[in-house]
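start-v6.csv follows; it contains CSV, N, CA and C atoms and all ligand atoms.
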chain,number,residue,atom,x,y,z
R,1,CYS,N,-56.6,5.1,-61.7
R,1,CYS,CA,-55.4,5.7,-62.5
R,1,CYS,C,-54.2,5.6,-61.5
R,2,VAL,N,-53.1,5.5,-62.1
R,2,VAL,CA,-51.8,5.4,-61.3
R,2,VAL,C,-51.3,6.8,-61.1
R,3,LEU,N,-51.0,7.1,-59.8
R,3,LEU,CA,-50.4,8.5,-59.6
R,3,LEU,C,-49.0,8.5,-60.0
R,4,LYS,N,-48.5,9.7,-60.6
R,4,LYS,CA,-47.1,9.8,-60.9
R,4,LYS,C,-46.3,9.7,-59.6
R,5,ALA,N,-45.1,9.4,-59.7
R,5,ALA,CA,-44.2,9.3,-58.5
R,5,ALA,C,-44.3,10.6,-57.7
R,6,SER,N,-44.2,11.8,-58.4
R,6,SER,CA,-44.2,13.0,-57.6
R,6,SER,C,-45.5,13.2,-56.9
R,7,GLN,N,-46.6,12.7,-57.5
R,7,GLN,CA,-47.9,12.9,-56.8
R,7,GLN,C,-48.0,12.0,-55.5
R,8,LYS,N,-47.2,11.0,-55.5
R,8,LYS,CA,-47.3,10.1,-54.3
R,8,LYS,C,-46.5,10.7,-53.2
R,9,ARG,N,-45.6,11.7,-53.5
R,9,ARG,CA,-44.8,12.2,-52.4
R,9,ARG,C,-45.6,12.8,-51.3
R,10,ARG,N,-45.1,12.8,-50.1
R,10,ARG,CA,-45.9,13.4,-49.0
R,10,ARG,C,-46.0,14.9,-49.3
R,11,PRO,N,-47.1,15.5,-48.8
R,11,PRO,CA,-47.3,17.0,-49.1
R,11,PRO,C,-46.1,17.8,-48.6
R,12,LEU,N,-45.6,17.4,-47.4
R,12,LEU,CA,-44.5,18.2,-46.8
R,12,LEU,C,-43.3,18.1,-47.7
R,13,SER,N,-43.0,16.9,-48.2
R,13,SER,CA,-41.8,16.8,-49.1
R,13,SER,C,-42.0,17.6,-50.4
R,14,ARG,N,-43.2,17.7,-50.9
R,14,ARG,CA,-43.4,18.5,-52.2
R,14,ARG,C,-43.2,20.0,-51.8
R,15,LEU,N,-43.7,20.4,-50.7
R,15,LEU,CA,-43.5,21.8,-50.3
R,15,LEU,C,-42.0,22.1,-50.1
R,16,LEU,N,-41.3,21.2,-49.4
R,16,LEU,CA,-39.9,21.5,-49.1
R,16,LEU,C,-39.1,21.5,-50.4
R,17,GLU,N,-39.5,20.6,-51.3
R,17,GLU,CA,-38.7,20.6,-52.6
R,17,GLU,C,-38.9,21.9,-53.3
R,18,GLN,N,-40.1,22.5,-53.3
R,18,GLN,CA,-40.4,23.8,-53.9
R,18,GLN,C,-39.6,24.9,-53.2
R,19,LEU,N,-39.6,24.9,-51.9
R,19,LEU,CA,-38.9,25.9,-51.2
R,19,LEU,C,-37.4,25.8,-51.5
R,20,LEU,N,-36.9,24.6,-51.5
R,20,LEU,CA,-35.5,24.4,-51.8
R,20,LEU,C,-35.1,24.9,-53.2
R,21,ARG,N,-35.9,24.7,-54.1
R,21,ARG,CA,-35.6,25.2,-55.5
R,21,ARG,C,-35.5,26.7,-55.5
R,22,ASN,N,-36.4,27.3,-54.7
R,22,ASN,CA,-36.4,28.8,-54.7
R,22,ASN,C,-35.2,29.3,-54.0
R,23,LEU,N,-34.7,28.6,-52.9
R,23,LEU,CA,-33.5,29.0,-52.2
R,23,LEU,C,-32.3,28.8,-53.1
R,24,GLU,N,-32.2,27.7,-53.8
R,24,GLU,CA,-31.1,27.4,-54.7
R,24,GLU,C,-30.9,28.5,-55.8
R,25,LYS,N,-32.0,29.1,-56.2
R,25,LYS,CA,-31.9,30.1,-57.2
R,25,LYS,C,-31.1,31.3,-56.7
R,26,ARG,N,-31.1,31.5,-55.4
R,26,ARG,CA,-30.4,32.6,-54.8
R,26,ARG,C,-28.9,32.3,-54.5
R,27,ASP,N,-28.5,31.2,-55.1
R,27,ASP,CA,-27.0,30.9,-55.0
R,27,ASP,C,-26.5,30.6,-56.4
R,28,PRO,N,-26.5,31.7,-57.2
R,28,PRO,CA,-26.1,31.5,-58.6
R,28,PRO,C,-24.7,30.9,-58.8
R,29,ASN,N,-23.8,31.2,-57.9
R,29,ASN,CA,-22.4,30.7,-58.0
R,29,ASN,C,-22.3,29.2,-57.5
R,30,GLN,N,-23.5,28.7,-57.0
R,30,GLN,CA,-23.5,27.3,-56.5
R,30,GLN,C,-22.4,27.1,-55.4
R,31,PHE,N,-22.2,28.1,-54.6
R,31,PHE,CA,-21.2,28.0,-53.5
R,31,PHE,C,-21.8,27.1,-52.4
R,32,PHE,N,-23.2,26.9,-52.4
R,32,PHE,CA,-23.8,26.2,-51.4
R,32,PHE,C,-24.5,24.9,-51.9
R,33,ALA,N,-24.2,24.6,-53.2
R,33,ALA,CA,-24.8,23.4,-53.8
R,33,ALA,C,-24.3,22.1,-53.3
R,34,TRP,N,-23.0,22.1,-52.9
R,34,TRP,CA,-22.4,20.8,-52.5
R,34,TRP,C,-21.6,21.0,-51.3
R,35,PRO,N,-21.3,19.9,-50.6
R,35,PRO,CA,-20.5,20.0,-49.3
R,35,PRO,C,-19.2,20.7,-49.6
R,36,VAL,N,-18.8,21.6,-48.7
R,36,VAL,CA,-17.5,22.3,-48.8
R,36,VAL,C,-16.3,21.3,-48.6
R,37,ASN,N,-15.4,21.4,-49.5
R,37,ASN,CA,-14.3,20.4,-49.5
R,37,ASN,C,-13.1,21.0,-48.8
R,38,ASP,N,-12.5,20.2,-47.9
R,38,ASP,CA,-11.3,20.7,-47.1
R,38,ASP,C,-10.2,21.1,-48.0
R,39,ASN,N,-10.1,20.5,-49.2
R,39,ASN,CA,-9.0,20.9,-50.1
R,39,ASN,C,-9.1,22.3,-50.6
R,40,PHE,N,-10.4,22.8,-50.7
R,40,PHE,CA,-10.6,24.2,-51.1
R,40,PHE,C,-10.7,25.1,-49.9
R,41,ALA,N,-11.0,24.5,-48.7
R,41,ALA,CA,-11.3,25.3,-47.5
R,41,ALA,C,-10.4,24.7,-46.4
R,42,PRO,N,-9.2,25.1,-46.3
R,42,PRO,CA,-8.3,24.4,-45.3
R,42,PRO,C,-8.8,24.4,-43.9
R,43,GLY,N,-8.9,23.3,-43.3
R,43,GLY,CA,-9.3,23.2,-41.9
R,43,GLY,C,-10.8,23.2,-41.7
R,44,TYR,N,-11.6,23.2,-42.8
R,44,TYR,CA,-13.0,23.4,-42.7
R,44,TYR,C,-13.6,22.4,-41.7
R,45,SER,N,-13.3,21.1,-41.9
R,45,SER,CA,-14.0,20.1,-41.0
R,45,SER,C,-13.6,20.1,-39.6
R,46,ASN,N,-12.5,20.9,-39.3
R,46,ASN,CA,-12.1,21.1,-37.9
R,46,ASN,C,-12.9,22.2,-37.3
R,47,ILE,N,-13.3,23.2,-38.1
R,47,ILE,CA,-13.9,24.4,-37.6
R,47,ILE,C,-15.5,24.2,-37.6
R,48,ILE,N,-16.0,23.6,-38.7
R,48,ILE,CA,-17.4,23.4,-38.8
R,48,ILE,C,-17.8,22.0,-38.4
R,49,ARG,N,-18.5,21.9,-37.3
R,49,ARG,CA,-18.9,20.6,-36.7
R,49,ARG,C,-20.0,19.9,-37.5
R,50,ARG,N,-21.0,20.8,-37.9
R,50,ARG,CA,-22.1,20.2,-38.6
R,50,ARG,C,-22.3,20.9,-40.0
R,51,PRO,N,-21.6,20.3,-41.0
R,51,PRO,CA,-21.6,20.8,-42.3
R,51,PRO,C,-23.0,20.7,-42.9
R,52,MET,N,-23.4,21.6,-43.8
R,52,MET,CA,-24.7,21.5,-44.5
R,52,MET,C,-24.6,22.2,-45.8
R,53,ASP,N,-25.4,21.6,-46.8
R,53,ASP,CA,-25.4,22.2,-48.1
R,53,ASP,C,-26.7,21.8,-48.8
R,54,PHE,N,-27.0,22.4,-50.0
R,54,PHE,CA,-28.3,22.2,-50.6
R,54,PHE,C,-28.5,20.7,-51.0
R,55,SER,N,-27.4,20.1,-51.5
R,55,SER,CA,-27.5,18.7,-52.0
R,55,SER,C,-27.9,17.7,-50.8
R,56,THR,N,-27.3,18.0,-49.6
R,56,THR,CA,-27.6,17.2,-48.4
R,56,THR,C,-29.1,17.5,-48.0
R,57,MET,N,-29.5,18.7,-48.1
R,57,MET,CA,-30.9,19.0,-47.8
R,57,MET,C,-31.9,18.3,-48.7
R,58,LYS,N,-31.5,18.2,-50.0
R,58,LYS,CA,-32.4,17.5,-51.0
R,58,LYS,C,-32.5,16.1,-50.6
R,59,GLN,N,-31.3,15.5,-50.3
R,59,GLN,CA,-31.3,14.1,-49.9
R,59,GLN,C,-32.1,13.8,-48.7
R,60,LYS,N,-32.1,14.8,-47.7
R,60,LYS,CA,-32.9,14.6,-46.5
R,60,LYS,C,-34.4,14.7,-46.8
R,61,ILE,N,-34.8,15.5,-47.8
R,61,ILE,CA,-36.2,15.6,-48.2
R,61,ILE,C,-36.6,14.2,-48.8
R,62,ASP,N,-35.7,13.7,-49.7
R,62,ASP,CA,-36.0,12.4,-50.3
R,62,ASP,C,-36.1,11.3,-49.3
R,63,ASP,N,-35.3,11.4,-48.2
R,63,ASP,CA,-35.3,10.3,-47.2
R,63,ASP,C,-36.3,10.6,-46.1
R,64,ASN,N,-37.2,11.6,-46.4
R,64,ASN,CA,-38.2,12.0,-45.4
R,64,ASN,C,-37.7,12.2,-44.0
R,65,GLU,N,-36.5,12.9,-44.0
R,65,GLU,CA,-35.9,13.1,-42.7
R,65,GLU,C,-36.4,14.4,-42.0
R,66,TYR,N,-37.0,15.3,-42.8
R,66,TYR,CA,-37.6,16.5,-42.2
R,66,TYR,C,-39.0,16.2,-41.7
R,67,LYS,N,-39.2,16.4,-40.4
R,67,LYS,CA,-40.5,16.1,-39.9
R,67,LYS,C,-41.3,17.4,-39.8
R,68,SER,N,-40.7,18.5,-40.1
R,68,SER,CA,-41.4,19.8,-40.0
R,68,SER,C,-40.7,20.8,-40.9
R,69,LEU,N,-41.4,21.9,-41.2
R,69,LEU,CA,-40.8,23.0,-41.9
R,69,LEU,C,-39.6,23.6,-41.1
R,70,ASN,N,-39.8,23.7,-39.8
R,70,ASN,CA,-38.8,24.3,-39.0
R,70,ASN,C,-37.5,23.5,-39.0
R,71,CYS,N,-37.5,22.2,-39.1
R,71,CYS,CA,-36.3,21.4,-39.2
R,71,CYS,C,-35.6,21.8,-40.5
R,72,PHE,N,-36.3,22.0,-41.6
R,72,PHE,CA,-35.8,22.4,-42.9
R,72,PHE,C,-35.1,23.8,-42.8
R,73,ILE,N,-35.9,24.7,-42.2
R,73,ILE,CA,-35.4,26.1,-42.0
R,73,ILE,C,-34.1,26.1,-41.2
R,74,ASN,N,-34.1,25.3,-40.1
R,74,ASN,CA,-32.9,25.2,-39.3
R,74,ASN,C,-31.6,24.7,-40.1
R,75,ASP,N,-31.8,23.8,-41.0
R,75,ASP,CA,-30.7,23.4,-41.8
R,75,ASP,C,-30.2,24.5,-42.7
R,76,PHE,N,-31.2,25.2,-43.3
R,76,PHE,CA,-30.8,26.4,-44.1
R,76,PHE,C,-30.0,27.4,-43.4
R,77,LYS,N,-30.5,27.7,-42.1
R,77,LYS,CA,-29.7,28.7,-41.3
R,77,LYS,C,-28.4,28.1,-40.9
R,78,LEU,N,-28.3,26.8,-40.6
R,78,LEU,CA,-27.0,26.2,-40.3
R,78,LEU,C,-26.0,26.3,-41.4
R,79,MET,N,-26.5,26.1,-42.6
R,79,MET,CA,-25.6,26.2,-43.8
R,79,MET,C,-25.1,27.6,-44.0
R,80,CYS,N,-25.9,28.6,-43.8
R,80,CYS,CA,-25.5,30.0,-44.0
R,80,CYS,C,-24.6,30.4,-42.8
R,81,ASN,N,-24.9,30.0,-41.6
R,81,ASN,CA,-24.1,30.4,-40.4
R,81,ASN,C,-22.7,29.7,-40.5
R,82,ASN,N,-22.7,28.5,-41.0
R,82,ASN,CA,-21.4,27.8,-41.1
R,82,ASN,C,-20.5,28.7,-42.0
R,83,ALA,N,-21.0,29.2,-43.1
R,83,ALA,CA,-20.2,29.9,-44.1
R,83,ALA,C,-19.8,31.3,-43.4
R,84,MET,N,-20.6,31.8,-42.6
R,84,MET,CA,-20.3,33.1,-41.9
R,84,MET,C,-19.3,32.9,-40.8
R,85,LYS,N,-19.2,31.6,-40.3
R,85,LYS,CA,-18.3,31.3,-39.2
R,85,LYS,C,-16.9,31.0,-39.8
R,86,TYR,N,-16.9,30.2,-40.9
R,86,TYR,CA,-15.6,29.8,-41.4
R,86,TYR,C,-14.9,30.9,-42.2
R,87,ASN,N,-15.7,31.6,-43.0
R,87,ASN,CA,-15.2,32.7,-43.9
R,87,ASN,C,-15.2,34.0,-43.2
R,88,LYS,N,-14.1,34.7,-43.3
R,88,LYS,CA,-14.0,36.1,-42.7
R,88,LYS,C,-15.0,37.0,-43.3
R,89,PRO,N,-15.5,38.0,-42.5
R,89,PRO,CA,-16.4,39.0,-43.1
R,89,PRO,C,-15.6,39.7,-44.3
R,90,GLY,N,-16.3,40.1,-45.3
R,90,GLY,CA,-15.7,40.7,-46.5
R,90,GLY,C,-15.3,39.8,-47.6
R,91,THR,N,-15.2,38.4,-47.2
R,91,THR,CA,-14.9,37.5,-48.3
R,91,THR,C,-16.2,37.2,-49.1
R,92,VAL,N,-16.0,36.7,-50.3
R,92,VAL,CA,-17.1,36.5,-51.2
R,92,VAL,C,-18.1,35.5,-50.6
R,93,TYR,N,-17.6,34.5,-49.9
R,93,TYR,CA,-18.4,33.5,-49.3
R,93,TYR,C,-19.2,34.0,-48.1
R,94,HIS,N,-18.6,34.9,-47.3
R,94,HIS,CA,-19.3,35.4,-46.1
R,94,HIS,C,-20.4,36.3,-46.6
R,95,LYS,N,-20.1,37.1,-47.6
R,95,LYS,CA,-21.1,38.1,-48.2
R,95,LYS,C,-22.3,37.3,-48.8
R,96,ALA,N,-21.9,36.2,-49.6
R,96,ALA,CA,-22.9,35.4,-50.2
R,96,ALA,C,-23.8,34.7,-49.2
R,97,ALA,N,-23.2,34.3,-48.1
R,97,ALA,CA,-24.0,33.6,-47.1
R,97,ALA,C,-25.0,34.6,-46.4
R,98,ARG,N,-24.5,35.8,-46.1
R,98,ARG,CA,-25.4,36.8,-45.4
R,98,ARG,C,-26.6,37.1,-46.4
R,99,ARG,N,-26.2,37.3,-47.6
R,99,ARG,CA,-27.3,37.7,-48.6
R,99,ARG,C,-28.3,36.5,-48.8
R,100,LEU,N,-27.8,35.3,-48.9
R,100,LEU,CA,-28.6,34.2,-49.0
R,100,LEU,C,-29.5,34.0,-47.8
R,101,LEU,N,-29.0,34.1,-46.6
R,101,LEU,CA,-29.7,33.9,-45.4
R,101,LEU,C,-30.9,34.9,-45.3
R,102,HIS,N,-30.6,36.2,-45.6
R,102,HIS,CA,-31.6,37.2,-45.4
R,102,HIS,C,-32.7,37.1,-46.5
R,103,SER,N,-32.2,36.9,-47.8
R,103,SER,CA,-33.2,36.8,-48.9
R,103,SER,C,-34.0,35.5,-48.7
R,104,GLY,N,-33.3,34.4,-48.3
R,104,GLY,CA,-34.0,33.1,-48.1
R,104,GLY,C,-35.1,33.2,-47.1
R,105,LEU,N,-34.7,33.8,-45.9
R,105,LEU,CA,-35.7,33.8,-44.8
R,105,LEU,C,-36.9,34.7,-45.1
R,106,LYS,N,-36.7,35.7,-46.0
R,106,LYS,CA,-37.9,36.5,-46.4
R,106,LYS,C,-38.9,35.6,-47.1
R,107,GLN,N,-38.5,34.5,-47.8
R,107,GLN,CA,-39.4,33.6,-48.5
R,107,GLN,C,-40.0,32.7,-47.5
R,108,LEU,N,-39.5,32.6,-46.3
R,108,LEU,CA,-40.0,31.6,-45.4
R,108,LEU,C,-40.8,32.2,-44.2
R,109,THR,N,-41.3,33.4,-44.4
R,109,THR,CA,-42.1,34.0,-43.4
R,109,THR,C,-43.5,33.4,-43.4
R,110,PRO,N,-44.2,33.4,-42.3
R,110,PRO,CA,-45.6,32.9,-42.3
R,110,PRO,C,-46.5,33.5,-43.4
R,111,ALA,N,-46.3,34.9,-43.6
R,111,ALA,CA,-47.1,35.6,-44.6
R,111,ALA,C,-46.9,35.0,-46.0
R,112,LYS,N,-45.7,34.6,-46.3
R,112,LYS,CA,-45.3,34.1,-47.6
R,112,LYS,C,-45.8,32.6,-47.7
R,113,LEU,N,-45.8,32.0,-46.5
R,113,LEU,CA,-46.1,30.5,-46.6
R,113,LEU,C,-47.6,30.2,-46.4
R,114,ARG,N,-48.3,31.2,-45.8
R,114,ARG,CA,-49.7,31.0,-45.5
R,114,ARG,C,-50.5,30.5,-46.8
R,115,PRO,N,-50.2,31.2,-48.0
R,115,PRO,CA,-51.0,30.8,-49.1
R,115,PRO,C,-50.8,29.3,-49.5
R,116,LEU,N,-49.8,28.6,-48.9
R,116,LEU,CA,-49.6,27.2,-49.3
R,116,LEU,C,-50.6,26.3,-48.6
R,117,GLY,N,-51.5,26.9,-47.8
R,117,GLY,CA,-52.5,26.1,-47.2
R,117,GLY,C,-52.1,25.6,-45.8
R,118,ASN,N,-53.0,24.7,-45.3
R,118,ASN,CA,-52.9,24.2,-43.9
R,118,ASN,C,-51.8,23.1,-43.8
R,119,ILE,N,-51.0,22.9,-44.9
R,119,ILE,CA,-50.0,21.9,-44.8
R,119,ILE,C,-49.1,22.1,-43.6
R,120,LEU,N,-49.0,23.4,-43.2
R,120,LEU,CA,-47.9,23.6,-42.1
R,120,LEU,C,-48.5,23.4,-40.7
R,121,THR,N,-49.8,23.2,-40.6
R,121,THR,CA,-50.3,23.1,-39.2
R,121,THR,C,-50.0,21.6,-38.8
W,1,LIG,C1,-15.0,28.7,-56.0
W,1,LIG,O1,-15.9,27.7,-56.4
W,1,LIG,C2,-16.5,27.0,-55.3
W,1,LIG,C3,-17.2,25.9,-55.7
W,1,LIG,C4,-17.9,25.2,-54.7
W,1,LIG,C5,-17.7,25.6,-53.4
W,1,LIG,O2,-18.3,24.9,-52.3
W,1,LIG,C6,-19.3,23.9,-52.7
W,1,LIG,C7,-17.0,26.7,-53.0
W,1,LIG,C8,-16.9,27.1,-51.6
W,1,LIG,C9,-18.0,27.3,-50.8
W,1,LIG,C10,-17.6,27.7,-49.6
W,1,LIG,C11,-18.4,28.0,-48.4
W,1,LIG,C12,-19.8,27.9,-48.6
W,1,LIG,O3,-17.9,28.2,-47.3
W,1,LIG,N1,-16.2,27.8,-49.6
W,1,LIG,C13,-15.3,28.2,-48.7
W,1,LIG,C14,-14.0,28.3,-49.0
W,1,LIG,C15,-13.6,27.9,-50.3
W,1,LIG,N2,-14.5,27.5,-51.2
W,1,LIG,C16,-15.8,27.5,-50.9
W,1,LIG,C17,-16.4,27.4,-54.0

Is it possible to give me this structure as structure tokens?
Amino acid sequence: CVLKASQKRRPLSRLLEQLLRNLEKRDPNQFFAWPVNDNFAPGYSNIIRRPMDFSTMKQKIDDNEYKSLNCFINDFKLMCNNAMKYNKPGTVYHKAARRLLHSGLKQLTPAKLRPLGNILT
């Protein structure tokens, strides 16, 4: 029988896609869905050296660029920390980034991930 495309995906890719979907749910305003545009965020590309967003993370999964869960988690942290660096505390974006980082990392603790099996070893 021929495996569906999704079943052919590497186990790590399928796990990361699931984790990404869960993280994206925590960004209802889609502030983190796409790269931040300098037209909406003046000087952004001068201040943020390594931009990151959910669509870029999805592309990196599809391109098998993540060699481990930690690399994936580091990009998630980078995305949130970029927003807390560029946007002043008290702004809607800074608050959204803090909330996303804390709630997202709670989903990425070993205890939460252990049930997913030995894929992480
Ligand atoms: C108001 O609607 C949107 C829509 C998409 C956005 O980024 C993808 C943003 C956005 C997202 C951000 C971030 C994440 O820093 N941002 C900063 C300044 C101005 N705009 C933004 C806002």

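Contacts with ligand LIG 1 (chain W) are defined as any residue atom within 9 Å of a ligand atom, using only C-alpha atoms and all ligand atoms; the residues meeting this criterion are Asn29, Gln30, Phe31, Phe32, Ala33, Trp34, Pro35, Val36, Asn37, Asp38, Asn39, Phe40, Ala41, Pro42, Tyr44, Asp53, Met79, Cys80, Asn82, Ala83, Met84, Lys85, Tyr86, Asn87, Val92, Tyr93, His94, Ala96 and Ala97 of chain R.
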
Which polymer residues have any atom within 8 Å of an atom of region 63-77 of chain R, counting only N, CA and C atoms, with same-chain residues fewer than 2 positions away left out, as a CSV table (one decimal) with N, CA and C atoms, in the coordinates of the input?
chain,number,residue,atom,x,y,z
R,12,LEU,N,-45.6,17.4,-47.4
R,12,LEU,CA,-44.5,18.2,-46.8
R,12,LEU,C,-43.3,18.1,-47.7
R,13,SER,N,-43.0,16.9,-48.2
R,13,SER,CA,-41.8,16.8,-49.1
R,13,SER,C,-42.0,17.6,-50.4
R,16,LEU,N,-41.3,21.2,-49.4
R,16,LEU,CA,-39.9,21.5,-49.1
R,16,LEU,C,-39.1,21.5,-50.4
R,52,MET,N,-23.4,21.6,-43.8
R,52,MET,CA,-24.7,21.5,-44.5
R,52,MET,C,-24.6,22.2,-45.8
R,53,ASP,N,-25.4,21.6,-46.8
R,53,ASP,CA,-25.4,22.2,-48.1
R,53,ASP,C,-26.7,21.8,-48.8
R,57,MET,N,-29.5,18.7,-48.1
R,57,MET,CA,-30.9,19.0,-47.8
R,57,MET,C,-31.9,18.3,-48.7
R,58,LYS,N,-31.5,18.2,-50.0
R,58,LYS,CA,-32.4,17.5,-51.0
R,58,LYS,C,-32.5,16.1,-50.6
R,59,GLN,N,-31.3,15.5,-50.3
R,59,GLN,CA,-31.3,14.1,-49.9
R,59,GLN,C,-32.1,13.8,-48.7
R,60,LYS,N,-32.1,14.8,-47.7
R,60,LYS,CA,-32.9,14.6,-46.5
R,60,LYS,C,-34.4,14.7,-46.8
R,61,ILE,N,-34.8,15.5,-47.8
R,61,ILE,CA,-36.2,15.6,-48.2
R,61,ILE,C,-36.6,14.2,-48.8
R,79,MET,N,-26.5,26.1,-42.6
R,79,MET,CA,-25.6,26.2,-43.8
R,79,MET,C,-25.1,27.6,-44.0
R,80,CYS,N,-25.9,28.6,-43.8
R,80,CYS,CA,-25.5,30.0,-44.0
R,80,CYS,C,-24.6,30.4,-42.8
R,81,ASN,N,-24.9,30.0,-41.6
R,81,ASN,CA,-24.1,30.4,-40.4
R,81,ASN,C,-22.7,29.7,-40.5
R,82,ASN,N,-22.7,28.5,-41.0
R,82,ASN,CA,-21.4,27.8,-41.1
R,82,ASN,C,-20.5,28.7,-42.0
R,83,ALA,N,-21.0,29.2,-43.1
R,83,ALA,CA,-20.2,29.9,-44.1
R,83,ALA,C,-19.8,31.3,-43.4
R,100,LEU,N,-27.8,35.3,-48.9
R,100,LEU,CA,-28.6,34.2,-49.0
R,100,LEU,C,-29.5,34.0,-47.8
R,101,LEU,N,-29.0,34.1,-46.6
R,101,LEU,CA,-29.7,33.9,-45.4
R,101,LEU,C,-30.9,34.9,-45.3
R,108,LEU,N,-39.5,32.6,-46.3
R,108,LEU,CA,-40.0,31.6,-45.4
R,108,LEU,C,-40.8,32.2,-44.2
R,120,LEU,N,-49.0,23.4,-43.2
R,120,LEU,CA,-47.9,23.6,-42.1
R,120,LEU,C,-48.5,23.4,-40.7

Task: Separation of atom C of Gln107 (chain R) from atom C of Leu19 (chain R) in Å - done: 8.4 Å

- [ ] List every residue of chain R that DSSP, applied to the backbone of this structure, assigns to alpha helix (DSSP H), and report them as a ChimeraX atom specification.
- [x] /R:5-8,11-24,44-47,54-62,69-86,92-106,110-113

TODO: State, in Å with one decimal place, the distance from CA of Pro28 (chain R) to CA of Ser55 (chain R).
DONE: 14.5 Å

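Picture a line from CA of Lys112 (chain R) to atom C of Arg21 (chain R); it runs 14.6 Å.
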
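For the residues R:Leu113, R:Thr56, R:Ser103, R:Pro51, ranking by smallest atom-to-atom distance to Leu78 (chain R) using all atoms listed in the file places R:Pro51 first.
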
Can you take region 55-69 of chain R from the block and write N, CA, C and O atoms as an mmCIF file, in the first residue's frame?
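This is the output file result.cif:
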data_model
loop_
_atom_site.group_PDB
_atom_site.id
_atom_site.type_symbol
_atom_site.label_atom_id
_atom_site.label_comp_id
_atom_site.auth_asym_id
_atom_site.auth_seq_id
_atom_site.Cartn_x
_atom_site.Cartn_y
_atom_site.Cartn_z
ATOM 1 N N SER R 55 5.380 31.293 10.201
ATOM 2 C CA SER R 55 5.415 30.799 8.802
ATOM 3 C C SER R 55 6.832 30.359 8.430
ATOM 4 O O SER R 55 7.015 29.358 7.722
ATOM 5 N N THR R 56 7.826 31.068 8.946
ATOM 6 C CA THR R 56 9.230 30.686 8.690
ATOM 7 C C THR R 56 9.542 29.367 9.386
ATOM 8 O O THR R 56 10.212 28.493 8.826
ATOM 9 N N MET R 57 9.002 29.195 10.599
ATOM 10 C CA MET R 57 9.225 27.930 11.323
ATOM 11 C C MET R 57 8.573 26.767 10.570
ATOM 12 O O MET R 57 9.170 25.686 10.450
ATOM 13 N N LYS R 58 7.402 27.011 10.000
ATOM 14 C CA LYS R 58 6.711 25.951 9.237
ATOM 15 C C LYS R 58 7.544 25.560 8.020
ATOM 16 O O LYS R 58 7.726 24.393 7.706
ATOM 17 N N GLN R 59 8.100 26.582 7.361
ATOM 18 C CA GLN R 59 8.922 26.323 6.171
ATOM 19 C C GLN R 59 10.168 25.537 6.566
ATOM 20 O O GLN R 59 10.580 24.601 5.867
ATOM 21 N N LYS R 60 10.748 25.872 7.718
ATOM 22 C CA LYS R 60 11.962 25.156 8.160
ATOM 23 C C LYS R 60 11.635 23.698 8.487
ATOM 24 O O LYS R 60 12.449 22.810 8.249
ATOM 25 N N ILE R 61 10.431 23.436 9.009
ATOM 26 C CA ILE R 61 10.026 22.040 9.247
ATOM 27 C C ILE R 61 9.942 21.313 7.904
ATOM 28 O O ILE R 61 10.525 20.246 7.723
ATOM 29 N N ASP R 62 9.263 21.950 6.948
ATOM 30 C CA ASP R 62 9.077 21.316 5.633
ATOM 31 C C ASP R 62 10.409 21.089 4.920
ATOM 32 O O ASP R 62 10.551 20.138 4.155
ATOM 33 N N ASP R 63 11.387 21.960 5.198
ATOM 34 C CA ASP R 63 12.705 21.810 4.569
ATOM 35 C C ASP R 63 13.647 20.948 5.416
ATOM 36 O O ASP R 63 14.849 20.898 5.144
ATOM 37 N N ASN R 64 13.073 20.324 6.466
ATOM 38 C CA ASN R 64 13.887 19.477 7.368
ATOM 39 C C ASN R 64 15.101 20.202 7.919
ATOM 40 O O ASN R 64 16.186 19.627 8.061
ATOM 41 N N GLU R 65 14.920 21.487 8.216
ATOM 42 C CA GLU R 65 16.066 22.271 8.752
ATOM 43 C C GLU R 65 16.256 22.051 10.253
ATOM 44 O O GLU R 65 17.328 22.336 10.786
ATOM 45 N N TYR R 66 15.187 21.577 10.933
ATOM 46 C CA TYR R 66 15.328 21.366 12.374
ATOM 47 C C TYR R 66 15.884 19.967 12.617
ATOM 48 O O TYR R 66 15.245 18.972 12.271
ATOM 49 N N LYS R 67 17.075 19.918 13.208
ATOM 50 C CA LYS R 67 17.692 18.611 13.470
ATOM 51 C C LYS R 67 17.308 18.091 14.853
ATOM 52 O O LYS R 67 17.562 16.949 15.193
ATOM 53 N N SER R 68 16.699 18.989 15.661
ATOM 54 C CA SER R 68 16.295 18.532 17.005
ATOM 55 C C SER R 68 15.145 19.401 17.492
ATOM 56 O O SER R 68 14.898 20.492 16.959
ATOM 57 N N LEU R 69 14.499 18.926 18.545
ATOM 58 C CA LEU R 69 13.429 19.704 19.166
ATOM 59 C C LEU R 69 13.992 21.009 19.722
ATOM 60 O O LEU R 69 13.374 22.065 19.618
#
